[in-house]
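The structure appears below as structure tokens.
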There are 2 protein chains.
Amino acid sequence: MDFDNTSRTELSELGEFGLIKHLTQYIELTNDSTVKGVGDDAAVIDNGDLQTVVSTDMLVEGVHFDLTYVPLKHLGYKSVVVNLSDIYAMNAQPRQIVVSIAISNRFSLEAVEELYAGMLLACKKYKVDLVGGDTTSSLSGLVISVTAIGAAKKEDIVYRDGAKEGNLLCVSGDLGGAYMGLQILEREKTIFKENPKLQPDLGGKDYILERQLKPEARKDIGELLKSLNVKPTSMIDVSDGLSSEILHLCTQSKVGVELYEEKLPIDPLTFETAREFNLDPTLCALSGGEDYELLFTIDIGDYDKIKNSMDISVIGHITNESKGRLMVAKAGTAHELKAQGWNALLK
Amino acid sequence: MDFDNTSRTELSELGEFGLIKHLTQYIELTNDSTVKGVGDDAAVIDNGDLQTVVSTDMLVEGVHFDLTYVPLKHLGYKSVVVNLSDIYAMNAQPRQIVVSIAISNRFSLEAVEELYAGMLLACKKYKVDLVGGDTTSSLSGLVISVTAIGAAKKEDIVYRDGAKEGNLLCVSGDLGGAYMGLQILEREKTIFKENPKLQPDLGGKDYILERQLKPEARKDIGELLKSLNVKPTSMIDVSDGLSSEILHLCTQSKVGVELYEEKLPIDPLTFETAREFNLDPTLCALSGGEDYELLFTIDIGDYDKIKNSMDISVIGHITNESKGRLMVAKAGTAHELKAQGWNALLK
């Protein structure tokens, strides 16, 4: 797809079917299991003897994204990735997505194409087929709803409720970066509003900006664990924030947890930037959200298999439910783990 | 679910997880193929050797519905039914849905419960499991996105592209009713705005109001055709309007059509009401949309099997692509069939 940002085609010139036809011309199907894609009442997926896994997410302008600093192509990419992340969190392979978009007249065709190009880029990268959707008007903001469909062998699927006492709690990658990227973007937006002549100062912040604007789903972690012959006992992706996800695992598995603050994987840039904003890096890692890393538990007997994987950190262990959900701080004191979410960080 | 309309609980009191927990307590799963419903990263569906069929629709406040006259429970019901209709249009059985809702603070918990109760009522009626979703904030209106997942044997699935020259064009039920129901509701809204003391005059219009507010998907037509041993050669549901759907079938099947105006099934109340509004009943049937009837083509050899089915009308036949897409008017003149859509009706 080639974008010429100087042109502007009104969506009203195309009509709904024209828009759909225009947008869907770029779709290529790559999965054998996709029997029928866009263009009928429904997509058809043949999963043979595999189980089908479905996940859906909705992104709302002004709530989940701010178009003053989020490029539409990145937004499209991210809206797909966050759904794929849910499928990987089941230890399944995403294969298809359906996409619904509500857009107001203030968006041009070129803008919608950018959004779509980002979605298709994610589809290509993760080898997923876009097989259907709905495109409609909105009176004000942009709303994106993506449903991802995946498949896995029954015995491979990992649920949230399988964590057992004595299991190790692990997380992939590092945490808090996406949240700090957002802080940078919000700061530059405020400065820009006060003085539109100032250029945004994003220098040296590439990693955390990318964590926020163009996150990736951890397809590789499932593959790595498989190659190491480790099947997690429970798994979830980190979308709302680490604390919140740990509590989900504990609640559904009916277990307690002991999390070690000193084990939290925080990138130096995230740490530094948190300090710059007078924020506690630990709190950013615990409650920042949108990292799309995988949080999982493994049998302690599997520790030797994963201990040399640079991209997996053991951050705690599962205890009896009666022990509660605790974080052991660097000072050695134990605190009750709470899901604070984003708002708490800003108070 | 018991509704006490006098109470009002702010959504902010519950938080997202509280709201999800509160809403999902009413969900009952009925399909054996549902391995895992709400509560994990994704739903898990085991379709064994069947093909999986997926369809998605988005409904936006102010575009698809007007809450001044659409009760939330009806809206929830309809938002599910319109998706199931797409699955039936593939000659498949819907089995699961996932639902995403964006809601603003102006809605109370009770309002969301009404919406949800309508969705679950539709699930119950059509024996479908609600297996997942996303609930999020919106800055202004209500947005509902539903994705339906169905299953069918490979050999049973009916696409839009199978119509052949000589096939009969058939439609279930009657047309234009949902559109005339909307006209009644719009008229009463205008009158109410001018004089809020006047009670709405909806007397005698029950059938068309129900067609608009609480449509049903034609689950029965697939069953009927199966019992008659008739497999349609192509099929689509009537959501945008009959003309528009016929043109979709013709384009995808690369055929022409001859539609007979005199054969269009129009309920007497629809006809009468169209006259009352100085609208052409034929145009309402052709372009009204939202009837959620099934439009399909059958082999002419199957005519004897369906001719006594009161709920199926033969409205035309498929011709060679070179003959074009024509409607033969009552006067005998042939006109090119055009998809006019709703707006054209109001000019």
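FYI, nothing fancy with the structure tokens labels: chains A, B, ... in order, residues from 1 per chain, ligands from 1 as they appear.
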
Inset, instruction - Pull out every residue of chain A sitting within 6 Å of chain B, counting only C-alpha atoms, and send them as an MDAnalysis selection string. - result: chainID A and resid 41:46 48:49 51:57 86 133:134

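Nearest residue to Ala163 of chain A among A:Tyr207, A:Phe296, A:Phe107, A:Tyr303 is A:Phe296, counting only C-alpha atoms.
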
Selection near Gln183 of chain B, 10 Å with only C-alpha atoms, sequence-local residues under 4 positions removed, as a PDB file with C-alpha atoms, in the first residue's frame:
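File written: part25.pdb
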ATOM      1  CA  GLY B 177     -41.770  -3.903   7.808  1.00  0.00           C
ATOM      2  CA  ALA B 178     -38.701  -2.994   9.860  1.00  0.00           C
ATOM      3  CA  TYR B 179     -38.282   0.168   7.816  1.00  0.00           C
ATOM      4  CA  ARG B 187     -42.638  10.321  13.597  1.00  0.00           C
ATOM      5  CA  GLU B 188     -43.607   9.876  17.223  1.00  0.00           C
ATOM      6  CA  LYS B 189     -40.207  11.162  18.330  1.00  0.00           C
ATOM      7  CA  ILE B 208     -43.888  -3.476  12.168  1.00  0.00           C
ATOM      8  CA  LEU B 209     -42.644  -2.004  15.457  1.00  0.00           C
ATOM      9  CA  GLN B 212     -37.789  -2.873  13.861  1.00  0.00           C
ATOM     10  CA  THR B 273     -48.333   2.360   6.651  1.00  0.00           C
ATOM     11  CA  ALA B 274     -46.178   3.142   3.611  1.00  0.00           C
ATOM     12  CA  PHE B 277     -46.407   8.129   4.861  1.00  0.00           C
TER      13      PHE B 277
END

Inset, instruction - Once DSSP has gone over the backbone, tell me which residues of segment 71-140 of chain A are in helix (DSSP H, G or I), as number ranges by chain. - result: A: 72-88, 109-126

Kindly save the residues from that selection, with C-alpha atoms included, as an mmCIF file, in the first residue's frame.
data_model
loop_
_atom_site.group_PDB
_atom_site.id
_atom_site.type_symbol
_atom_site.label_atom_id
_atom_site.label_comp_id
_atom_site.auth_asym_id
_atom_site.auth_seq_id
_atom_site.Cartn_x
_atom_site.Cartn_y
_atom_site.Cartn_z
ATOM 1 C CA LEU A 72 -2.936 5.676 12.756
ATOM 2 C CA LYS A 73 -0.699 3.008 11.283
ATOM 3 C CA HIS A 74 0.722 2.257 14.729
ATOM 4 C CA LEU A 75 -2.787 2.229 16.157
ATOM 5 C CA GLY A 76 -3.912 -0.335 13.587
ATOM 6 C CA TYR A 77 -0.863 -2.466 14.324
ATOM 7 C CA LYS A 78 -1.388 -2.283 18.074
ATOM 8 C CA SER A 79 -5.113 -3.038 17.887
ATOM 9 C CA VAL A 80 -4.298 -6.357 16.210
ATOM 10 C CA VAL A 81 -1.295 -7.171 18.413
ATOM 11 C CA VAL A 82 -3.204 -6.765 21.691
ATOM 12 C CA ASN A 83 -5.683 -9.391 20.511
ATOM 13 C CA LEU A 84 -3.021 -11.788 19.280
ATOM 14 C CA SER A 85 -1.365 -11.427 22.674
ATOM 15 C CA ASP A 86 -4.513 -12.913 24.250
ATOM 16 C CA ILE A 87 -4.338 -15.925 21.949
ATOM 17 C CA TYR A 88 -0.639 -16.487 22.715
ATOM 18 C CA LEU A 109 -10.008 7.582 3.218
ATOM 19 C CA GLU A 110 -6.249 8.044 3.480
ATOM 20 C CA ALA A 111 -6.495 8.042 7.271
ATOM 21 C CA VAL A 112 -8.502 4.805 7.269
ATOM 22 C CA GLU A 113 -5.990 3.293 4.859
ATOM 23 C CA GLU A 114 -3.179 4.101 7.282
ATOM 24 C CA LEU A 115 -5.084 2.371 10.074
ATOM 25 C CA TYR A 116 -5.751 -0.610 7.859
ATOM 26 C CA ALA A 117 -2.151 -0.761 6.629
ATOM 27 C CA GLY A 118 -1.009 -1.063 10.236
ATOM 28 C CA MET A 119 -3.488 -3.888 10.829
ATOM 29 C CA LEU A 120 -2.331 -5.749 7.735
ATOM 30 C CA LEU A 121 1.307 -5.254 8.707
ATOM 31 C CA ALA A 122 0.580 -6.984 12.024
ATOM 32 C CA CYS A 123 -1.321 -9.733 10.176
ATOM 33 C CA LYS A 124 1.670 -10.289 7.921
ATOM 34 C CA LYS A 125 4.191 -10.306 10.737
ATOM 35 C CA TYR A 126 2.174 -12.771 12.818
#

Legend entry - For Leu326 of chain B, the nearest of the candidates B:Ile298, B:Cys250, B:Leu213, B:Ile312, counting only C-alpha atoms: B:Cys250

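Here atom CA of Asn31 of chain A stands at a distance of 19.3 Å from atom CA of Gly222 of chain A.
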
Inset, instruction - Run DSSP on the backbone of this structure and report the residues of segment 86-315 of chain B it assigns to strand (DSSP E), as a ChimeraX atom specification. - result: /B:93-103,129-137,143-152,168-172,234-237,256-260,294-298,312-315

Inset, instruction - Enter the distance from atom CA of Leu11 of chain B to atom CA of Ser239 of chain A, in Å, rounded to one decimal. - result: 21.2 Å

Inset, instruction - Find the residues near Leu224 of chain B: any atom within 12 Å, counting only C-alpha atoms, skip ones fewer than 5 places away on the same chain, and give them as a PyMOL selection string. - result: chain B and resi 91+172+218-219+229-232+305-306+308-312

Legend entry - Distance query Val238 of chain A at most 8 Å, only C-alpha atoms, self and fewer than 3 positions along chain excluded, as a ChimeraX atom specification: /A:241-242,245,289-295

Those residues with N, CA and C atoms, as a PDB file, in the first residue's frame please?
ATOM      1  N   GLY A 241      -1.750  -4.607  33.772  1.00  0.00           N
ATOM      2  CA  GLY A 241      -0.665  -4.335  34.716  1.00  0.00           C
ATOM      3  C   GLY A 241      -0.305  -5.623  35.433  1.00  0.00           C
ATOM      4  N   LEU A 242       0.952  -5.755  35.834  1.00  0.00           N
ATOM      5  CA  LEU A 242       1.417  -7.007  36.430  1.00  0.00           C
ATOM      6  C   LEU A 242       0.607  -7.419  37.663  1.00  0.00           C
ATOM      7  N   GLU A 245      -2.764  -8.775  36.817  1.00  0.00           N
ATOM      8  CA  GLU A 245      -2.716 -10.097  36.165  1.00  0.00           C
ATOM      9  C   GLU A 245      -2.351 -11.191  37.173  1.00  0.00           C
ATOM     10  N   GLY A 289       0.874  -1.493  32.976  1.00  0.00           N
ATOM     11  CA  GLY A 289       0.037  -2.103  31.959  1.00  0.00           C
ATOM     12  C   GLY A 289       0.548  -1.898  30.540  1.00  0.00           C
ATOM     13  N   GLU A 290      -0.134  -2.556  29.602  1.00  0.00           N
ATOM     14  CA  GLU A 290       0.148  -2.466  28.161  1.00  0.00           C
ATOM     15  C   GLU A 290       1.526  -2.991  27.753  1.00  0.00           C
ATOM     16  N   ASP A 291       2.156  -3.778  28.615  1.00  0.00           N
ATOM     17  CA  ASP A 291       3.459  -4.327  28.240  1.00  0.00           C
ATOM     18  C   ASP A 291       3.323  -5.531  27.300  1.00  0.00           C
ATOM     19  N   TYR A 292       2.161  -6.194  27.343  1.00  0.00           N
ATOM     20  CA  TYR A 292       1.895  -7.376  26.518  1.00  0.00           C
ATOM     21  C   TYR A 292       2.979  -8.445  26.624  1.00  0.00           C
ATOM     22  N   GLU A 293       3.580  -8.515  27.822  1.00  0.00           N
ATOM     23  CA  GLU A 293       4.460  -9.639  28.113  1.00  0.00           C
ATOM     24  C   GLU A 293       3.592 -10.799  28.594  1.00  0.00           C
ATOM     25  N   LEU A 294       4.179 -11.987  28.666  1.00  0.00           N
ATOM     26  CA  LEU A 294       3.436 -13.141  29.172  1.00  0.00           C
ATOM     27  C   LEU A 294       3.857 -13.439  30.604  1.00  0.00           C
ATOM     28  N   LEU A 295       2.861 -13.562  31.463  1.00  0.00           N
ATOM     29  CA  LEU A 295       3.064 -13.919  32.865  1.00  0.00           C
ATOM     30  C   LEU A 295       2.610 -15.364  33.003  1.00  0.00           C
TER      31      LEU A 295
END
